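Trainee: One structure coming up, written as structure tokens, with questions to follow.
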Amino acid sequence: MKKLEEYVRSIPDFPEPGIIFRDVTSILQDADGLKLAIDSLLEQLAGVEYDVVVGPESRGFIFGVPVAYAAHKGFVPVRKKGKLPCETIEAEYDLEYGRAVIEMHKDSIRPGQKVVIIDDLIATGGTIEAIIGLIEQLGGEVVKICFVMELAGLKGREKLTGYDVNSVITYEGK
């Protein structure tokens with residue numbers, strides 16, 4: 001059986017020279033790769049007590065929903081500002097070249113709920129740091145954060161100190 005790393009297409013010099021782009025779509029396009037990714041995330045959650053899975057738009061949806069389904073948990077989407085129809089709370093955070101705003105429905109997390117966050121990639125950690133703030137603002141407790149891939153050279157994990165963070169694949173570079 002192949003390792004998950006073998007399903008990841010690496011594209012040199014994209015989006016700029018010196019960067020190796022780790023393409024998650026090559027995992028998604030292969031039935032065995034997709035199954036391995038979801039099963040690996042579920043393994044990371046073995047023994048973790050949680051009530052709901054949260055995932056950011058858009059690849060957090062792709063990996064978070066099947067995990068929530070397999071574990072018989074609800075799923076809460078985090079979206080870009082202006083995409084959710086009900087009353088929301090929002091967080092602004094830094095991107096590499098600017099700022100962004102994300103939102104959650106105000107009633108999506110109940111006080112005391114134990115929350116798992118799932119996303120495809122941790123790079124600088126800003127998006128997940130903002131999501132943690134939203135969850136905690138609503139009274140939720142983040143009990144685990146899982147990623148398919150981690151770019152360790154960007155030090156995103158440092159923004160998540162104090163939280164249980166796991167990545168299926170870790171790349172040492174950027």
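Here's how to read the names in the structure tokens: chain A, B, ... by the order shown, residue numbers from 1 in each chain, ligand numbers from 1 in the order shown.
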Excluding same-chain residues fewer than 3 positions from stretch 24-32 of chain A, what lies within 10 Å of it counting only C-alpha atoms, as a CSV table (one decimal) with N, CA and C atoms, in the first residue's frame?
Mentor:
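Output file result00.csv is given in full below:
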chain,number,residue,atom,x,y,z
A,1,MET,N,0.8,-1.2,0.0
A,1,MET,CA,0.0,0.0,0.0
A,1,MET,C,0.9,1.3,0.0
A,2,LYS,N,0.5,2.2,-0.8
A,2,LYS,CA,1.2,3.5,-0.9
A,2,LYS,C,1.0,4.3,0.4
A,4,LEU,N,0.6,8.1,2.0
A,4,LEU,CA,-0.2,9.3,1.5
A,4,LEU,C,0.7,10.3,0.8
A,5,GLU,N,2.0,10.4,1.2
A,5,GLU,CA,2.9,11.3,0.5
A,5,GLU,C,3.1,11.0,-1.0
A,6,GLU,N,2.9,9.7,-1.3
A,6,GLU,CA,3.1,9.3,-2.7
A,6,GLU,C,1.9,9.8,-3.6
A,7,TYR,N,0.9,10.2,-3.0
A,7,TYR,CA,-0.3,10.7,-3.8
A,7,TYR,C,-0.2,12.2,-4.0
A,8,VAL,N,0.7,12.9,-3.3
A,8,VAL,CA,0.9,14.3,-3.4
A,8,VAL,C,1.7,14.7,-4.6
A,9,ARG,N,1.2,15.5,-5.4
A,9,ARG,CA,2.0,16.0,-6.6
A,9,ARG,C,2.7,17.3,-6.1
A,10,SER,N,4.0,17.3,-6.3
A,10,SER,CA,4.9,18.4,-5.9
A,10,SER,C,5.3,19.2,-7.2
A,21,PHE,N,5.2,23.7,-4.6
A,21,PHE,CA,3.7,23.7,-4.3
A,21,PHE,C,3.3,22.2,-4.0
A,35,LYS,N,-9.3,7.9,0.3
A,35,LYS,CA,-9.6,7.0,1.4
A,35,LYS,C,-8.5,7.0,2.4
A,36,LEU,N,-7.3,7.0,2.0
A,36,LEU,CA,-6.1,7.0,2.9
A,36,LEU,C,-6.1,8.3,3.7
A,37,ALA,N,-6.3,9.4,3.0
A,37,ALA,CA,-6.3,10.7,3.7
A,37,ALA,C,-7.4,10.7,4.8
A,59,ARG,N,-11.2,23.6,1.3
A,59,ARG,CA,-10.6,22.2,1.4
A,59,ARG,C,-10.9,21.6,2.8
A,62,ILE,N,-13.8,19.6,2.3
A,62,ILE,CA,-13.6,18.4,1.6
A,62,ILE,C,-13.1,17.3,2.5
A,63,PHE,N,-12.3,17.6,3.5
A,63,PHE,CA,-11.7,16.6,4.4
A,63,PHE,C,-12.5,16.5,5.7
A,120,ASP,N,-6.9,21.0,5.2
A,120,ASP,CA,-6.0,20.3,4.3
A,120,ASP,C,-4.5,20.6,4.6
A,121,LEU,N,-4.3,21.9,5.0
A,121,LEU,CA,-2.9,22.3,5.1
A,121,LEU,C,-2.7,23.4,6.2
A,148,VAL,N,-4.0,17.5,6.8
A,148,VAL,CA,-3.5,16.5,5.9
A,148,VAL,C,-2.0,16.8,5.7
A,149,MET,N,-1.7,18.0,5.5
A,149,MET,CA,-0.3,18.4,5.2
A,149,MET,C,0.2,19.6,6.1
Trainee: With a distance cut-off of 6 Å and only C-alpha atoms, select the neighbouring residues of A:Ile102, excluding the residue or stretch itself and same-chain residues fewer than 6 positions from it, and output the selection as a list in words.
Mentor: Arg79, Lys80, Lys81, Glu90 and Ala91 of chain A
Trainee: Limited to N, CA and C atoms, could you put the picked residues into a file as a short mmCIF file (atom, residue, chain, number, x, y, z; two decimals), in the first residue's frame?
Mentor:
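And here is the file that came out, result-v2.cif:
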data_model
loop_
_atom_site.label_atom_id
_atom_site.label_comp_id
_atom_site.auth_asym_id
_atom_site.auth_seq_id
_atom_site.Cartn_x
_atom_site.Cartn_y
_atom_site.Cartn_z
N ARG A 79 -16.66 30.18 6.66
CA ARG A 79 -16.65 30.70 5.29
C ARG A 79 -16.08 32.10 5.22
N LYS A 80 -15.79 32.51 4.01
CA LYS A 80 -15.39 33.89 3.76
C LYS A 80 -16.57 34.80 4.06
N LYS A 81 -16.26 36.02 4.45
CA LYS A 81 -17.29 36.99 4.82
C LYS A 81 -18.35 37.13 3.72
N GLU A 90 -17.42 37.08 13.25
CA GLU A 90 -16.33 37.12 12.27
C GLU A 90 -14.99 37.38 12.93
N ALA A 91 -13.94 37.03 12.19
CA ALA A 91 -12.57 37.29 12.63
C ALA A 91 -11.77 37.73 11.42
#
Trainee: Between A:Val101, A:Ile89, A:Val67, A:Val142, which is the closest to A:Val115 once you count only C-alpha atoms?
Mentor: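 Nearest to A:Val115: A:Val142.
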Trainee: What are the DSSP strand (DSSP E or B) residues of chain A, as number ranges by chain?
Mentor: A: 9-12, 20-23, 52-56, 74-80, 88-95, 98-105, 114-122, 141-151, 165-171
Trainee: Restrict the selected residues to C-alpha atoms and save them as an mmCIF file, in the first residue's frame.
Mentor:
data_model
loop_
_atom_site.group_PDB
_atom_site.id
_atom_site.type_symbol
_atom_site.label_atom_id
_atom_site.label_comp_id
_atom_site.auth_asym_id
_atom_site.auth_seq_id
_atom_site.Cartn_x
_atom_site.Cartn_y
_atom_site.Cartn_z
ATOM 1 C CA ARG A 9 2.003 16.023 -6.578
ATOM 2 C CA SER A 10 4.882 18.425 -5.930
ATOM 3 C CA ILE A 11 5.213 21.300 -8.383
ATOM 4 C CA PRO A 12 8.536 23.172 -8.290
ATOM 5 C CA ILE A 20 7.522 23.719 -4.042
ATOM 6 C CA PHE A 21 3.725 23.653 -4.274
ATOM 7 C CA ARG A 22 2.197 20.597 -2.589
ATOM 8 C CA ASP A 23 -0.958 19.810 -4.574
ATOM 9 C CA VAL A 52 -18.525 18.578 16.268
ATOM 10 C CA VAL A 53 -16.072 19.034 13.400
ATOM 11 C CA VAL A 54 -15.244 22.515 12.090
ATOM 12 C CA GLY A 55 -13.628 23.091 8.701
ATOM 13 C CA PRO A 56 -12.695 26.218 6.755
ATOM 14 C CA GLY A 74 -22.088 17.431 12.936
ATOM 15 C CA PHE A 75 -20.029 19.658 10.671
ATOM 16 C CA VAL A 76 -19.701 23.452 10.981
ATOM 17 C CA PRO A 77 -18.460 25.407 7.968
ATOM 18 C CA VAL A 78 -16.255 28.470 8.329
ATOM 19 C CA ARG A 79 -16.647 30.696 5.290
ATOM 20 C CA LYS A 80 -15.388 33.888 3.761
ATOM 21 C CA THR A 88 -22.599 35.422 12.148
ATOM 22 C CA ILE A 89 -19.511 36.254 14.130
ATOM 23 C CA GLU A 90 -16.334 37.115 12.273
ATOM 24 C CA ALA A 91 -12.574 37.291 12.631
ATOM 25 C CA GLU A 92 -10.052 39.217 10.587
ATOM 26 C CA TYR A 93 -6.576 37.756 10.141
ATOM 27 C CA ASP A 94 -3.352 38.282 8.209
ATOM 28 C CA LEU A 95 -2.571 36.613 4.918
ATOM 29 C CA GLY A 98 -3.021 41.262 2.989
ATOM 30 C CA ARG A 99 -5.921 40.495 5.319
ATOM 31 C CA ALA A 100 -9.019 38.314 5.169
ATOM 32 C CA VAL A 101 -12.255 37.906 7.120
ATOM 33 C CA ILE A 102 -13.940 34.616 7.969
ATOM 34 C CA GLU A 103 -17.327 33.948 9.556
ATOM 35 C CA MET A 104 -19.282 31.276 11.397
ATOM 36 C CA HIS A 105 -22.960 31.179 12.200
ATOM 37 C CA LYS A 114 -15.795 19.918 22.245
ATOM 38 C CA VAL A 115 -14.567 20.833 18.781
ATOM 39 C CA VAL A 116 -12.168 19.282 16.282
ATOM 40 C CA ILE A 117 -10.836 21.482 13.459
ATOM 41 C CA ILE A 118 -9.851 19.809 10.188
ATOM 42 C CA ASP A 119 -8.121 21.396 7.194
ATOM 43 C CA ASP A 120 -5.970 20.289 4.301
ATOM 44 C CA LEU A 121 -2.870 22.347 5.088
ATOM 45 C CA ILE A 122 -1.194 24.374 7.786
ATOM 46 C CA GLU A 141 -13.415 24.028 23.425
ATOM 47 C CA VAL A 142 -10.933 23.065 20.714
ATOM 48 C CA VAL A 143 -9.767 19.555 21.638
ATOM 49 C CA LYS A 144 -7.814 18.657 18.466
ATOM 50 C CA ILE A 145 -6.633 20.217 15.208
ATOM 51 C CA CYS A 146 -5.839 17.906 12.284
ATOM 52 C CA PHE A 147 -4.226 18.637 8.938
ATOM 53 C CA VAL A 148 -3.502 16.485 5.941
ATOM 54 C CA MET A 149 -0.259 18.393 5.246
ATOM 55 C CA GLU A 150 2.017 20.747 7.159
ATOM 56 C CA LEU A 151 4.646 23.102 5.771
ATOM 57 C CA VAL A 165 -2.115 19.573 16.626
ATOM 58 C CA ASN A 166 -1.435 16.683 14.236
ATOM 59 C CA SER A 167 -0.524 16.473 10.569
ATOM 60 C CA VAL A 168 -0.625 13.338 8.461
ATOM 61 C CA ILE A 169 2.292 14.570 6.302
ATOM 62 C CA THR A 170 4.961 17.090 7.362
ATOM 63 C CA TYR A 171 7.208 18.826 4.834
#
Trainee: Work out how far atom CA of A:Asp39 is from atom CA of A:Ala68, in Å to one decimal.
Mentor: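 Distance reported for this atom pair: 11.8 Å.
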Trainee: With distances taken over only C-alpha atoms, which residue among A:Pro17, A:Gly60, A:Gly47, A:Gly33 lies nearest A:Ile131?
Mentor: A:Gly60
Trainee: Name the closest residue to A:Leu45 among the candidates A:Glu158, A:Ala71, A:Ser58, A:Glu172; distances are taken between atoms, counting only C-alpha atoms.
Mentor: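 Comparing A:Glu158, A:Ala71, A:Ser58, A:Glu172 against A:Leu45, the winner is A:Ala71.
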Trainee: Which of these residues is nearest to A:Lys73, using only C-alpha atoms: A:Phe61, A:Glu87, A:Asp51, A:Glu16?
Mentor: A:Asp51
Trainee: Atom CA of A:Leu138 and atom CA of A:Lys83 are how many Å apart?
Mentor: 19.2 Å
Trainee: Could you check how far atom CA of A:Asp107 sits from atom CA of A:Glu43, in Å to one decimal?
Mentor: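 It comes out at 28.9 Å.
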Trainee: Which of chain A counts as alpha helix (DSSP H) under DSSP, as an MDAnalysis selection string please?
Mentor: chainID A and resid 25:28 31:44 59:71 126:137
Trainee: Keeping N, CA and C atoms for every residue in the selection just given, could you write it to a file as a short mmCIF file (atom, residue, chain, number, x, y, z; two decimals), in the first residue's frame?
Mentor:
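In the end it all went to selection.cif:
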data_model
loop_
_atom_site.label_atom_id
_atom_site.label_comp_id
_atom_site.auth_asym_id
_atom_site.auth_seq_id
_atom_site.Cartn_x
_atom_site.Cartn_y
_atom_site.Cartn_z
N THR A 25 -4.94 18.20 -4.69
CA THR A 25 -5.92 17.66 -5.64
C THR A 25 -5.51 16.28 -6.15
N SER A 26 -4.22 15.98 -6.16
CA SER A 26 -3.78 14.66 -6.61
C SER A 26 -4.17 13.58 -5.60
N ILE A 27 -4.34 13.93 -4.35
CA ILE A 27 -4.89 12.99 -3.35
C ILE A 27 -6.37 12.77 -3.63
N LEU A 28 -7.08 13.85 -3.87
CA LEU A 28 -8.53 13.78 -4.07
C LEU A 28 -8.92 13.01 -5.32
N ALA A 31 -9.00 7.44 -5.74
CA ALA A 31 -9.88 6.85 -4.73
C ALA A 31 -9.09 6.31 -3.54
N ASP A 32 -7.97 5.65 -3.81
CA ASP A 32 -7.15 5.11 -2.72
C ASP A 32 -6.51 6.23 -1.91
N GLY A 33 -6.05 7.28 -2.59
CA GLY A 33 -5.45 8.42 -1.90
C GLY A 33 -6.46 9.13 -1.01
N LEU A 34 -7.66 9.35 -1.52
CA LEU A 34 -8.70 10.01 -0.74
C LEU A 34 -9.07 9.17 0.48
N LYS A 35 -9.25 7.87 0.27
CA LYS A 35 -9.60 6.99 1.39
C LYS A 35 -8.49 7.00 2.43
N LEU A 36 -7.25 6.96 1.99
CA LEU A 36 -6.12 6.97 2.92
C LEU A 36 -6.07 8.28 3.71
N ALA A 37 -6.33 9.39 3.05
CA ALA A 37 -6.33 10.69 3.74
C ALA A 37 -7.41 10.74 4.82
N ILE A 38 -8.63 10.34 4.47
CA ILE A 38 -9.74 10.37 5.45
C ILE A 38 -9.47 9.39 6.58
N ASP A 39 -9.04 8.17 6.24
CA ASP A 39 -8.74 7.17 7.27
C ASP A 39 -7.63 7.66 8.20
N SER A 40 -6.63 8.34 7.64
CA SER A 40 -5.52 8.86 8.45
C SER A 40 -6.01 9.94 9.41
N LEU A 41 -6.89 10.81 8.95
CA LEU A 41 -7.46 11.83 9.83
C LEU A 41 -8.29 11.17 10.95
N LEU A 42 -9.07 10.17 10.59
CA LEU A 42 -9.86 9.46 11.60
C LEU A 42 -8.96 8.77 12.63
N GLU A 43 -7.83 8.23 12.19
CA GLU A 43 -6.88 7.61 13.12
C GLU A 43 -6.34 8.64 14.11
N GLN A 44 -6.10 9.86 13.63
CA GLN A 44 -5.62 10.92 14.53
C GLN A 44 -6.64 11.25 15.62
N ARG A 59 -11.17 23.59 1.30
CA ARG A 59 -10.63 22.23 1.44
C ARG A 59 -10.87 21.65 2.82
N GLY A 60 -11.12 22.48 3.82
CA GLY A 60 -11.53 21.97 5.12
C GLY A 60 -12.88 21.29 5.04
N PHE A 61 -13.72 21.74 4.09
CA PHE A 61 -15.01 21.07 3.84
C PHE A 61 -14.75 19.68 3.27
N ILE A 62 -13.84 19.61 2.30
CA ILE A 62 -13.58 18.36 1.58
C ILE A 62 -13.12 17.26 2.54
N PHE A 63 -12.25 17.60 3.49
CA PHE A 63 -11.74 16.60 4.41
C PHE A 63 -12.55 16.52 5.71
N GLY A 64 -13.14 17.61 6.13
CA GLY A 64 -13.88 17.61 7.39
C GLY A 64 -15.22 16.89 7.33
N VAL A 65 -15.96 17.06 6.23
CA VAL A 65 -17.28 16.45 6.13
C VAL A 65 -17.21 14.92 6.18
N PRO A 66 -16.34 14.26 5.40
CA PRO A 66 -16.31 12.80 5.50
C PRO A 66 -15.87 12.30 6.88
N VAL A 67 -15.01 13.05 7.55
CA VAL A 67 -14.62 12.67 8.91
C VAL A 67 -15.82 12.80 9.84
N ALA A 68 -16.54 13.91 9.75
CA ALA A 68 -17.74 14.09 10.58
C ALA A 68 -18.76 12.99 10.30
N TYR A 69 -18.96 12.68 9.04
CA TYR A 69 -19.90 11.64 8.65
C TYR A 69 -19.50 10.28 9.25
N ALA A 70 -18.24 9.91 9.09
CA ALA A 70 -17.76 8.62 9.57
C ALA A 70 -17.86 8.52 11.09
N ALA A 71 -17.68 9.64 11.78
CA ALA A 71 -17.73 9.66 13.25
C ALA A 71 -19.13 9.97 13.78
N GLY A 126 -2.46 31.33 10.36
CA GLY A 126 -3.37 32.45 10.62
C GLY A 126 -4.84 32.11 10.53
N THR A 127 -5.21 31.31 9.56
CA THR A 127 -6.62 30.94 9.39
C THR A 127 -7.10 30.14 10.59
N ILE A 128 -6.33 29.15 11.00
CA ILE A 128 -6.75 28.29 12.11
C ILE A 128 -6.75 29.07 13.41
N GLU A 129 -5.79 29.96 13.60
CA GLU A 129 -5.77 30.81 14.79
C GLU A 129 -7.05 31.64 14.86
N ALA A 130 -7.50 32.18 13.74
CA ALA A 130 -8.74 32.96 13.70
C ALA A 130 -9.95 32.07 14.00
N ILE A 131 -9.96 30.85 13.47
CA ILE A 131 -11.07 29.93 13.72
C ILE A 131 -11.13 29.56 15.20
N ILE A 132 -10.00 29.31 15.81
CA ILE A 132 -9.97 29.00 17.24
C ILE A 132 -10.62 30.15 18.02
N GLY A 133 -10.29 31.38 17.66
CA GLY A 133 -10.87 32.54 18.33
C GLY A 133 -12.39 32.57 18.22
N LEU A 134 -12.92 32.24 17.04
CA LEU A 134 -14.36 32.21 16.86
C LEU A 134 -15.01 31.11 17.71
N ILE A 135 -14.43 29.94 17.69
CA ILE A 135 -14.97 28.81 18.46
C ILE A 135 -15.00 29.16 19.95
N GLU A 136 -13.90 29.71 20.44
CA GLU A 136 -13.82 30.05 21.87
C GLU A 136 -14.74 31.21 22.22
N GLN A 137 -14.93 32.12 21.30
CA GLN A 137 -15.88 33.23 21.52
C GLN A 137 -17.29 32.70 21.73
#
